[in-house]
Structure formats: C-alpha cells, structure tokens
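Notes for the one structure printed next.
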Amino acid sequence: MSISNFPAALQPIIQQGFLEREFQQALRSRLGYRACADREDFAVGIGETLTKTRAGLKPAVTTPIAANTNTNLDNGLTPGSWNVEQFTLTLNHYAATMDLNMVTSRVGIASQFLQNAYANGEQAARSLDDLARNALFCAYFGGNTRVTVTLGSAGTTIAVDDVRGFQTAFVNGVQQPVSASNPLAVTVGSDIYTLIAVAPDVNNVSTAPGGKSGQLTLSSSVSVSDATAGNTVQAATASAILRPNGRTNTSLIQAGDSLAMTNVLDAVADLRVNAVPDIDGAYNCYLDPISARQLFADPDFQRLFIGATSANEIFRPGQGVINEFLGLRFVLTTESYVQSHPTLAGALIRRPIVVGQGALVEGDFAGMAADDVAPKDAIVSLVDGVCMVTREPIDRLQQIIAQSWYWIGGFCAPSDTTTNSLTVPTATNANYKRAVMIEHIG
C-alpha cells in the first residue's frame with residue numbers, strides 16, 4: 001500500500017523497507033530416477049557388500065522322447081540345470097549438516113530452523129536421485145564408445161573414449177576381468193575383433209558423463225580404417241543406445257537429429273522383446289523439458305492425441321504424461337544428463353531413458369535409525385528412508401544446534417545375462433536389458 005495517500009505529517013513515522021517475514025523458496029529440481037528403483041532393506045550384521053543371486057530359466061523342450069531311448073532308470077534323459085547370475089550392492093554413508101545459533105536466529109526475519117530443515121530435505125532427496133541416476137546410466141552406457149586417436153599403422157591397441165562395459169565379461173553369471181582366457185567380442189569400425197585387455201587412462205579425458213577413457217588391447221591387429229578417430233566401438237554385450245537417423249555413436253549425432261516418436265517406440269520394442277516387465281502398467285520414460293518439447297512437436301506423436309476429449313486422458317497428476325496405447329509414462333526431470341557435443345560447438349547431447357521394472361535396486365541399511373546409530377540425545381526422524389537429525393546444543397553457551405541428514409545405502413543396476421534366446425527367443429545379447437537410453441541433439 002502506498003503511503004503517499006497519508007497526510008504528509010504522518011508519513012515520516014511510517015516505517016518502510018521491512019524484509020518480508022518469510023523466506024521465498026528457491027527453484028527446485030524435478031526428480032524421478034529413484035522412483036524406478038526396487039527398494040530392499042540391507043540387513044544388519046552382514047557386512048558392507050551384499051551379493052544377490054538371480055536364477056535363470058531352463059530352455060523350452062520341443063523334442064519328444066524317442067521310444068527306443070526311454071529305458072533304464074533315467075528314461076534316456078540327461079539332467080539339466082538353470083543358470084544363475086550375481087550382482088553386488090554396496091553400502092555407502094552420505095550425509096550433510098548445518099549449524100543454527102538459536103540466539104541470533106531470534107532476530108531473523110523468519111524461522112531459520114524450518115528453512116534449514118527444508119533445505120536439508122531437498123538436498124537429501126536430490127542427492128539420492130542423482131545417485132540413482134548415476135548407477136542407472138553407468139550400467140546402460142556400458143559397451144558403447146568410439147575411437148579417439150587414429151592409429152598410424154595397424155596395431156593391437158586402440159584409444160577409446162569410455163571403457164565401461166569392456167572391462168569385465170560374465171562367466172557363469174559372475175563378472176570377471178576381460179583377459180586372454182576370458183575374452184570379449186568387440187566391433188571396431190566395421191569388423192569384429194577379440195578384446196583381451198583393458199587399461200583405463202591415468203588422466204581421464206572421457207567426454208561421456210561418468211566415463212573412463214582408456215586403451216583396449218585386441219588379440220589381432222586393428223586396421224587403420226577401423227581404428228580411425230570417431231569410429232564406433234561396441235561390445236557384443238553392449239547396452240542398447242538409440243539415436244536418430246541410425247547414428248552409431250555420440251560424436252556422429254548431427255544438427256537436426258531431434259527426438260522423435262519412432263525412437264521412443266523402438267525403445268519400448270527393445271524392452272518388450274527382452275520380456276522386461278513394466279512399472280505399474282507402463283514403462284517410465286525420463287526426459288528433460290527440451291527432449292519433451294521435441295517429442296511433443298513430432299507429427300507422429302501429435303497424431304496419437306488427435307480427438308482426445310479431455311486432458312485427463314493424457315495428463316494425470318503426480319504421474320506425468322501417460323499414453324496407454326504406447327505403454328509409456330513420460331516423467332519430466334531436470335536431473336537428466338546434458339553434455340556438450342564432442343565435436344559440434346555450442347550443440348548439446350540429451351539423454352532420455354526408458355526403464356522397466358527391476359532396472360535399478362536400492363538397498364537401505366536396516367539399522368539407520370537404531371539407538372546405537374541415532375542416540376537418544378538427538379531428535380531423529382526417518383523420512384522416505386533418510387534420517388533427519390536435530391542435535392541438541394553441546395557448546396558452552398548451549399545455543400548452537402546442528403541440523404543434519406544421513407543415508408546409508410546404495411544403488412545398483414542388476415544384469416539379465418540369463419535371459420537369452422534359449423529362454424526368451426526374441427531376447428537380445430545385452431548384459432543389461434531393463435532400460436534403453438536415447439541420445440539426441442538438443
């Protein structure tokens with residue numbers, strides 16, 4: 001209200017310029033990756049690392065028993081078994097804290113205690129979402145990279161942008177380092193070679209988010225035409241990464257390679273051929289607002305919604321954008337990886353990812369709020385698996401309290417190597433099958 005309407009004699013006694021007695025909240029990141037994780041309790045007293053075993057299926061039997069072999073005690077049958085695979089979940093401790101002087105806070109414009117609690121809660125939620133994202137993408141970047149240095153002449157060692165997915169191969173369901181006795185088939189350029197050793201660089205120069213640059217050693221010489229900088233290198237067990245216009249690696253993406261409906265449909269098809277279950281009736285597609293804008297502008301996508309009689313058929317509060325025909329739930333997030341294009345100045349690479357049930361596992365330590373971990377002289381609240389702690393003043397003047405949060409747990413992306421063409425005829429050879437990444441220009 002303007003004071004100019006008051007009598008001039010009264011205007012000097014009207015105080016102006018007070019701060020508003022409430023903090024305005026900063027912009028918040030839109031989260032989502034943690035929501036796709038299967039949450040499990042990590043039991044007390046079993047160490048810091050838990051190895052979980054997943055049982056595979058037996059192949060279908062389509063050949064009848066021959067009458068002349070149906071004899072003896074075994075009826076002519078040879079005993080078989082199912083395969084197993086293992087994945088490891090490791091506990092780590094994450095925490096942050098803030099101090100609050102209760103005396104000085106009394107003269108503040110608003111409750112700093114409540115604001116600190118809010119800031120801690122938002123930080124904890126965003127931290128866990130980033131941990132979930134990192135674990136998910138680390139697995140699904142695997143086995144996909146490119147040559148970074150052109151060989152001067154044919155040789156057995158090539159430099160690549162990212163060695164993730166090349167360092168280990170599964171043997172009887174257990175990851176073992178790649179070696180001459182445990183090789184891995186790899187396509188370099190247009191030919192197939194046998195990988196026998198991997199050496200990460202001491203000074204990491206990878207351009208991929210979380211990537212590790214390094215050297216791949218093959219059992220035979222790689223031709224210069226194959227080992228030319230920019231050529232695609234892909235493991236036989238690589239995770240699926242889709243790109244517009246058939247681009248085979250990140251550096252080959254060009255201006256105009258925008259996200260289109262066909263890319264999302266291909267991702268859904270890839271999950272379905274691997275028999276990946278959905279999440280509450282649909283696959284989750286995590287994408288940032290720019291990716292969503294490109295997708296919503298695609299003519300094929302727009303045609304899906306022609307004739308929709310109500311926005312409720314498309315938008316559902318708290319669930320994002322859902323299309324039952326596609327079997328997709330579009331979830332907007334601002335935590336998605338955005339990377340500068342490796343070769344095009346000013347261009348960005350964006351990465352939507354389509355995930356099914358079981359793509360990520362979250363392990364929460366069961367003893368987080370136990371009395372010996374969270375003593376009684378502090379106020380401890382367990383909120384969505386995260387401990388929020390308010391410690392009483394222990395300074396000389398009994399004035400400074402500490403507001404903190406901590407989480408003990410870990411995320412991992414389990415493999416599905418036992419799902420193969422013998423048990424699911426349409427299955428691919430990828431080690432990790434429950435998510436499909438899409439890369440496009442943005």
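Convention: chains lettered A, B, ... in structure tokens order; per-chain residue numbering from 1; ligands numbered from 1 as shown.
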**Message:** I'd like to know which residues of region 93-274 of chain A are helix (DSSP H, G or I) (by DSSP, run on the backbone); could you write them as a PyMOL selection string?
**Reply:** chain A and resi 102-105+112-140+244-246+250-252+261-273
Residues of region 80-196 of chain A within 8 Å of region 220-243 of chain A: nearest atom pair and distance (Å, one decimal) for each, counting only C-alpha atoms, sorted by chain and number, as a tab-separated table?
```
residue	atom	partner	partner_atom	distance
A:Ala139	CA	A:Ser239	CA	7.7
A:Tyr140	CA	A:Ser239	CA	5.3
A:Phe141	CA	A:Ser239	CA	6.6
A:Gly142	CA	A:Ser239	CA	5.9
A:Gly143	CA	A:Ala238	CA	4.2
A:Asn144	CA	A:Gln234	CA	4.9
A:Thr145	CA	A:Val233	CA	5.2
A:Arg146	CA	A:Thr232	CA	4.4
A:Val147	CA	A:Ala229	CA	4.8
A:Thr148	CA	A:Ala229	CA	4.7
A:Val149	CA	A:Ala229	CA	5.0
A:Thr150	CA	A:Thr228	CA	4.3
A:Leu151	CA	A:Val224	CA	5.7
A:Gly152	CA	A:Val224	CA	7.0
A:Ser153	CA	A:Val224	CA	5.9
A:Ala154	CA	A:Ser223	CA	4.7
A:Gly155	CA	A:Ser221	CA	4.5
A:Thr156	CA	A:Ser221	CA	4.4
A:Thr157	CA	A:Val222	CA	7.8
A:Ile158	CA	A:Ala227	CA	6.8
A:Val160	CA	A:Val233	CA	7.9
A:Gly165	CA	A:Ala238	CA	6.9
A:Phe166	CA	A:Ala235	CA	6.8
A:Leu184	CA	A:Ala235	CA	7.2
A:Ala185	CA	A:Ala236	CA	5.5
A:Val186	CA	A:Ala235	CA	4.4
A:Thr187	CA	A:Gln234	CA	5.2
A:Val188	CA	A:Val233	CA	4.6
A:Gly189	CA	A:Asp226	CA	4.3
A:Ser190	CA	A:Asp226	CA	6.4
A:Asp191	CA	A:Asp226	CA	7.1
A:Tyr193	CA	A:Ser220	CA	7.1
A:Thr194	CA	A:Ser220	CA	7.4
```
**Asked** By how many Å are CA of Pro289 (chain A) and CA of Arg30 (chain A) apart?
**Response** 10.3 Å
What are the nearest atom pairs, with distances in Å to one decimal, for all residues of region 75-167 of chain A that come at most 12 Å from region 392-397 of chain A, using only C-alpha atoms, set out by chain and rising residue number as a tab-separated table?
```
residue	atom	partner	partner_atom	distance
A:Asp99	CA	A:Pro393	CA	10.0
A:Leu100	CA	A:Pro393	CA	9.5
A:Asn101	CA	A:Pro393	CA	9.1
A:Met102	CA	A:Pro393	CA	9.3
A:Val103	CA	A:Leu397	CA	10.1
```
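Of note, CA of Gly367 (chain A) and CA of Gly32 (chain A) are spaced 25.6 Å apart.
Reported to one decimal place, the separation of CA of Ile196 (chain A) from CA of Ala135 (chain A) is 25.8 Å.
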Write out as an mmCIF file with N, CA and C atoms, in the first residue's frame which residues come within 12 Å of region 422-432 of chain A when counting only C-alpha atoms, dropping same-chain ones fewer than 5 positions away.
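Saved to selection-v3.cif:
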```cif
data_model
loop_
_atom_site.group_PDB
_atom_site.id
_atom_site.type_symbol
_atom_site.label_atom_id
_atom_site.label_comp_id
_atom_site.auth_asym_id
_atom_site.auth_seq_id
_atom_site.Cartn_x
_atom_site.Cartn_y
_atom_site.Cartn_z
ATOM 1 N N GLY A 56 18.121 -68.093 -13.388
ATOM 2 C CA GLY A 56 17.636 -68.033 -14.755
ATOM 3 C C GLY A 56 16.577 -69.094 -15.021
ATOM 4 N N LEU A 57 16.203 -69.227 -16.283
ATOM 5 C CA LEU A 57 15.200 -70.202 -16.690
ATOM 6 C C LEU A 57 15.849 -71.334 -17.467
ATOM 7 N N LYS A 58 15.141 -72.447 -17.578
ATOM 8 C CA LYS A 58 15.620 -73.546 -18.410
ATOM 9 C C LYS A 58 15.038 -73.397 -19.813
ATOM 10 N N PRO A 59 15.779 -73.813 -20.852
ATOM 11 C CA PRO A 59 15.261 -73.722 -22.222
ATOM 12 C C PRO A 59 14.009 -74.563 -22.402
ATOM 13 N N ALA A 60 13.186 -74.147 -23.357
ATOM 14 C CA ALA A 60 11.981 -74.917 -23.666
ATOM 15 C C ALA A 60 12.351 -76.262 -24.286
ATOM 16 N N VAL A 61 11.503 -77.272 -24.065
ATOM 17 C CA VAL A 61 11.714 -78.608 -24.631
ATOM 18 C C VAL A 61 10.720 -78.798 -25.772
ATOM 19 N N THR A 62 11.231 -78.971 -26.984
ATOM 20 C CA THR A 62 10.363 -79.118 -28.154
ATOM 21 C C THR A 62 10.592 -80.450 -28.876
ATOM 22 N N TRP A 82 19.428 -74.858 -14.309
ATOM 23 C CA TRP A 82 19.238 -73.475 -14.707
ATOM 24 C C TRP A 82 20.486 -72.676 -14.367
ATOM 25 N N ASN A 83 20.684 -71.584 -15.077
ATOM 26 C CA ASN A 83 21.855 -70.737 -14.862
ATOM 27 C C ASN A 83 21.567 -69.688 -13.789
ATOM 28 N N GLU A 85 23.054 -65.738 -12.126
ATOM 29 C CA GLU A 85 23.925 -64.574 -12.280
ATOM 30 C C GLU A 85 23.878 -63.788 -10.988
ATOM 31 N N GLN A 86 24.919 -63.006 -10.743
ATOM 32 C CA GLN A 86 25.024 -62.291 -9.484
ATOM 33 C C GLN A 86 25.280 -60.811 -9.720
ATOM 34 N N PHE A 87 24.775 -60.000 -8.807
ATOM 35 C CA PHE A 87 25.085 -58.576 -8.818
ATOM 36 C C PHE A 87 25.327 -58.129 -7.387
ATOM 37 N N LEU A 136 22.174 -46.025 -12.669
ATOM 38 C CA LEU A 136 21.418 -46.480 -13.830
ATOM 39 C C LEU A 136 22.183 -46.227 -15.121
ATOM 40 N N PHE A 137 22.646 -45.001 -15.303
ATOM 41 C CA PHE A 137 23.313 -44.662 -16.553
ATOM 42 C C PHE A 137 24.672 -45.339 -16.687
ATOM 43 N N CYS A 138 25.376 -45.533 -15.567
ATOM 44 C CA CYS A 138 26.685 -46.185 -15.634
ATOM 45 C C CYS A 138 26.574 -47.555 -16.293
ATOM 46 N N ALA A 139 25.558 -48.313 -15.908
ATOM 47 C CA ALA A 139 25.365 -49.644 -16.493
ATOM 48 C C ALA A 139 24.941 -49.560 -17.952
ATOM 49 N N TYR A 140 24.071 -48.594 -18.263
ATOM 50 C CA TYR A 140 23.494 -48.563 -19.613
ATOM 51 C C TYR A 140 24.294 -47.726 -20.607
ATOM 52 N N PHE A 141 25.404 -47.118 -20.174
ATOM 53 C CA PHE A 141 26.404 -46.595 -21.103
ATOM 54 C C PHE A 141 27.324 -47.715 -21.573
ATOM 55 N N GLY A 142 27.364 -48.819 -20.828
ATOM 56 C CA GLY A 142 28.372 -49.851 -20.995
ATOM 57 C C GLY A 142 28.440 -50.465 -22.379
ATOM 58 N N GLY A 143 29.678 -50.653 -22.850
ATOM 59 C CA GLY A 143 29.918 -51.332 -24.116
ATOM 60 C C GLY A 143 29.721 -50.480 -25.340
ATOM 61 N N ASN A 144 29.523 -49.178 -25.162
ATOM 62 C CA ASN A 144 29.311 -48.271 -26.289
ATOM 63 C C ASN A 144 30.322 -47.119 -26.216
ATOM 64 N N GLY A 165 31.880 -51.207 -19.513
ATOM 65 C CA GLY A 165 31.242 -52.265 -20.274
ATOM 66 C C GLY A 165 32.217 -53.129 -21.039
ATOM 67 N N PHE A 166 33.507 -52.730 -21.065
ATOM 68 C CA PHE A 166 34.540 -53.522 -21.743
ATOM 69 C C PHE A 166 35.480 -54.187 -20.744
ATOM 70 N N THR A 168 34.883 -56.058 -18.007
ATOM 71 C CA THR A 168 34.531 -57.372 -17.477
ATOM 72 C C THR A 168 33.616 -58.112 -18.447
ATOM 73 N N ALA A 169 33.603 -59.415 -18.295
ATOM 74 C CA ALA A 169 32.673 -60.270 -19.025
ATOM 75 C C ALA A 169 32.091 -61.266 -18.032
ATOM 76 N N PHE A 170 30.856 -61.661 -18.255
ATOM 77 C CA PHE A 170 30.195 -62.572 -17.329
ATOM 78 C C PHE A 170 30.631 -64.017 -17.605
ATOM 79 N N VAL A 171 31.034 -64.689 -16.532
ATOM 80 C CA VAL A 171 31.378 -66.113 -16.593
ATOM 81 C C VAL A 171 30.541 -66.824 -15.547
ATOM 82 N N GLY A 173 27.582 -66.272 -14.771
ATOM 83 C CA GLY A 173 26.790 -65.293 -14.047
ATOM 84 C C GLY A 173 27.578 -64.341 -13.179
ATOM 85 N N VAL A 174 28.897 -64.470 -13.141
ATOM 86 C CA VAL A 174 29.738 -63.612 -12.299
ATOM 87 C C VAL A 174 30.654 -62.783 -13.198
ATOM 88 N N GLN A 175 30.752 -61.492 -12.921
ATOM 89 C CA GLN A 175 31.626 -60.634 -13.717
ATOM 90 C C GLN A 175 33.089 -60.938 -13.417
ATOM 91 N N ALA A 185 34.002 -60.321 -27.457
ATOM 92 C CA ALA A 185 33.890 -59.928 -28.861
ATOM 93 C C ALA A 185 33.514 -58.447 -28.946
ATOM 94 N N GLN A 234 31.898 -51.153 -30.199
ATOM 95 C CA GLN A 234 30.743 -51.699 -29.471
ATOM 96 C C GLN A 234 30.996 -53.137 -29.068
ATOM 97 N N ALA A 235 30.764 -53.426 -27.780
ATOM 98 C CA ALA A 235 30.889 -54.796 -27.291
ATOM 99 C C ALA A 235 29.700 -55.621 -27.749
ATOM 100 N N ALA A 236 29.913 -56.929 -27.870
ATOM 101 C CA ALA A 236 28.825 -57.819 -28.278
ATOM 102 C C ALA A 236 27.709 -57.830 -27.255
ATOM 103 N N THR A 237 28.037 -57.468 -26.011
ATOM 104 C CA THR A 237 27.045 -57.469 -24.926
ATOM 105 C C THR A 237 26.651 -56.048 -24.525
ATOM 106 N N ALA A 238 26.815 -55.091 -25.432
ATOM 107 C CA ALA A 238 26.574 -53.685 -25.118
ATOM 108 C C ALA A 238 25.113 -53.410 -24.792
ATOM 109 N N SER A 239 24.899 -52.437 -23.918
ATOM 110 C CA SER A 239 23.544 -51.970 -23.631
ATOM 111 C C SER A 239 22.991 -51.241 -24.842
ATOM 112 N N ALA A 240 21.675 -51.221 -24.974
ATOM 113 C CA ALA A 240 21.041 -50.589 -26.133
ATOM 114 C C ALA A 240 21.028 -49.071 -25.972
ATOM 115 N N ILE A 241 21.586 -48.367 -26.946
ATOM 116 C CA ILE A 241 21.508 -46.912 -27.022
ATOM 117 C C ILE A 241 20.988 -46.560 -28.413
ATOM 118 N N ALA A 269 9.940 -51.282 -27.892
ATOM 119 C CA ALA A 269 10.045 -52.587 -28.560
ATOM 120 C C ALA A 269 11.234 -53.378 -28.026
ATOM 121 N N ASP A 270 12.343 -52.680 -27.787
ATOM 122 C CA ASP A 270 13.541 -53.345 -27.270
ATOM 123 C C ASP A 270 13.281 -53.932 -25.885
ATOM 124 N N LEU A 271 12.555 -53.191 -25.039
ATOM 125 C CA LEU A 271 12.227 -53.723 -23.719
ATOM 126 C C LEU A 271 11.289 -54.919 -23.828
ATOM 127 N N ARG A 272 10.338 -54.825 -24.738
ATOM 128 C CA ARG A 272 9.345 -55.900 -24.854
ATOM 129 C C ARG A 272 9.939 -57.181 -25.434
ATOM 130 N N VAL A 273 10.877 -57.075 -26.375
ATOM 131 C CA VAL A 273 11.479 -58.305 -26.914
ATOM 132 C C VAL A 273 12.326 -59.003 -25.856
ATOM 133 N N ASN A 274 12.765 -58.250 -24.847
ATOM 134 C CA ASN A 274 13.510 -58.848 -23.743
ATOM 135 C C ASN A 274 12.615 -59.239 -22.570
ATOM 136 N N ALA A 275 11.288 -59.138 -22.776
ATOM 137 C CA ALA A 275 10.305 -59.535 -21.764
ATOM 138 C C ALA A 275 10.469 -58.757 -20.464
ATOM 139 N N VAL A 276 10.838 -57.479 -20.561
ATOM 140 C CA VAL A 276 11.015 -56.649 -19.368
ATOM 141 C C VAL A 276 9.641 -56.237 -18.849
ATOM 142 N N VAL A 355 12.739 -47.049 -18.939
ATOM 143 C CA VAL A 355 13.095 -48.111 -17.991
ATOM 144 C C VAL A 355 11.893 -48.967 -17.651
ATOM 145 N N GLY A 356 12.180 -50.227 -17.351
ATOM 146 C CA GLY A 356 11.166 -51.157 -16.881
ATOM 147 C C GLY A 356 11.417 -51.552 -15.445
ATOM 148 N N GLY A 358 12.660 -53.288 -12.214
ATOM 149 C CA GLY A 358 13.884 -54.007 -11.886
ATOM 150 C C GLY A 358 15.129 -53.437 -12.515
ATOM 151 N N ALA A 359 15.037 -52.305 -13.214
ATOM 152 C CA ALA A 359 16.231 -51.712 -13.830
ATOM 153 C C ALA A 359 17.213 -51.219 -12.777
ATOM 154 N N LEU A 360 16.708 -50.940 -11.591
ATOM 155 C CA LEU A 360 17.539 -50.375 -10.532
ATOM 156 C C LEU A 360 17.103 -50.968 -9.201
ATOM 157 N N CYS A 412 22.285 -50.166 -7.355
ATOM 158 C CA CYS A 412 22.974 -50.924 -8.405
ATOM 159 C C CYS A 412 21.968 -51.298 -9.490
ATOM 160 N N ALA A 413 22.487 -51.494 -10.691
ATOM 161 C CA ALA A 413 21.663 -51.935 -11.818
ATOM 162 C C ALA A 413 21.957 -53.411 -12.056
ATOM 163 N N PRO A 414 21.022 -54.295 -11.757
ATOM 164 C CA PRO A 414 21.275 -55.733 -11.940
ATOM 165 C C PRO A 414 21.282 -56.122 -13.407
ATOM 166 N N SER A 415 22.039 -57.148 -13.712
ATOM 167 C CA SER A 415 22.137 -57.639 -15.086
ATOM 168 C C SER A 415 21.061 -58.686 -15.360
ATOM 169 N N ASP A 416 20.946 -59.059 -16.630
ATOM 170 C CA ASP A 416 19.993 -60.098 -17.050
ATOM 171 C C ASP A 416 20.628 -60.993 -18.105
ATOM 172 N N THR A 417 21.806 -61.513 -17.786
ATOM 173 C CA THR A 417 22.514 -62.348 -18.760
ATOM 174 C C THR A 417 21.854 -63.703 -18.944
ATOM 175 N N MET A 437 18.564 -46.350 -23.437
ATOM 176 C CA MET A 437 18.895 -44.920 -23.493
ATOM 177 C C MET A 437 18.708 -44.398 -24.924
#
```
**Prompt:** Could you name the residues that touch Asp257 (chain A) at 9 Å or less, counting only C-alpha atoms, but leaving out those on the same chain fewer than 2 positions away, as a ChimeraX atom specification?
**Reply:** /A:243-245,247,253-255,259-260,440-442
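Within the 7 Å cut-off around Ile379 (chain A), using only C-alpha atoms and omitting residues fewer than 3 positions from it on the same chain, the listed residues are Val389, Thr390 and Arg391 of chain A.
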Strand (DSSP E or B) per DSSP on the backbone: members of region 70-146 of chain A, as a compact mmCIF listing (two decimals) with C-alpha atoms, in the first residue's frame:
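As written to disk, states-v7.txt reads:
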```txt
# COMPACT_ATOMS: atom_id res chain seq x y z
CA VAL A 84 22.48 -68.07 -12.25
CA GLU A 85 23.92 -64.57 -12.28
CA GLN A 86 25.02 -62.29 -9.48
CA PHE A 87 25.09 -58.58 -8.82
CA THR A 88 26.60 -56.67 -5.93
CA LEU A 89 25.06 -53.97 -3.75
CA THR A 90 27.50 -51.90 -1.69
CA ASN A 92 27.96 -46.18 1.50
CA HIS A 93 27.33 -43.39 4.00
CA TYR A 94 26.13 -39.99 2.73
CA ALA A 95 25.43 -37.01 4.96
CA ALA A 96 25.35 -33.21 5.25
CA THR A 97 24.80 -30.75 8.10
CA MET A 98 24.03 -27.15 9.01
CA ASP A 99 24.52 -25.20 12.25
CA LEU A 100 21.96 -22.85 13.74
CA ASN A 101 22.57 -20.36 16.56
CA ASN A 144 29.31 -48.27 -26.29
CA THR A 145 32.18 -45.93 -27.19
CA ARG A 146 34.33 -44.63 -30.05
```
**Item:** Neighbour list for Glu335 (chain A) as number ranges by chain, cut-off 9 Å, only C-alpha atoms, skip fewer than 5 positions in-chain
**Value:** A: 29-33, 126, 129-130, 133, 287-288
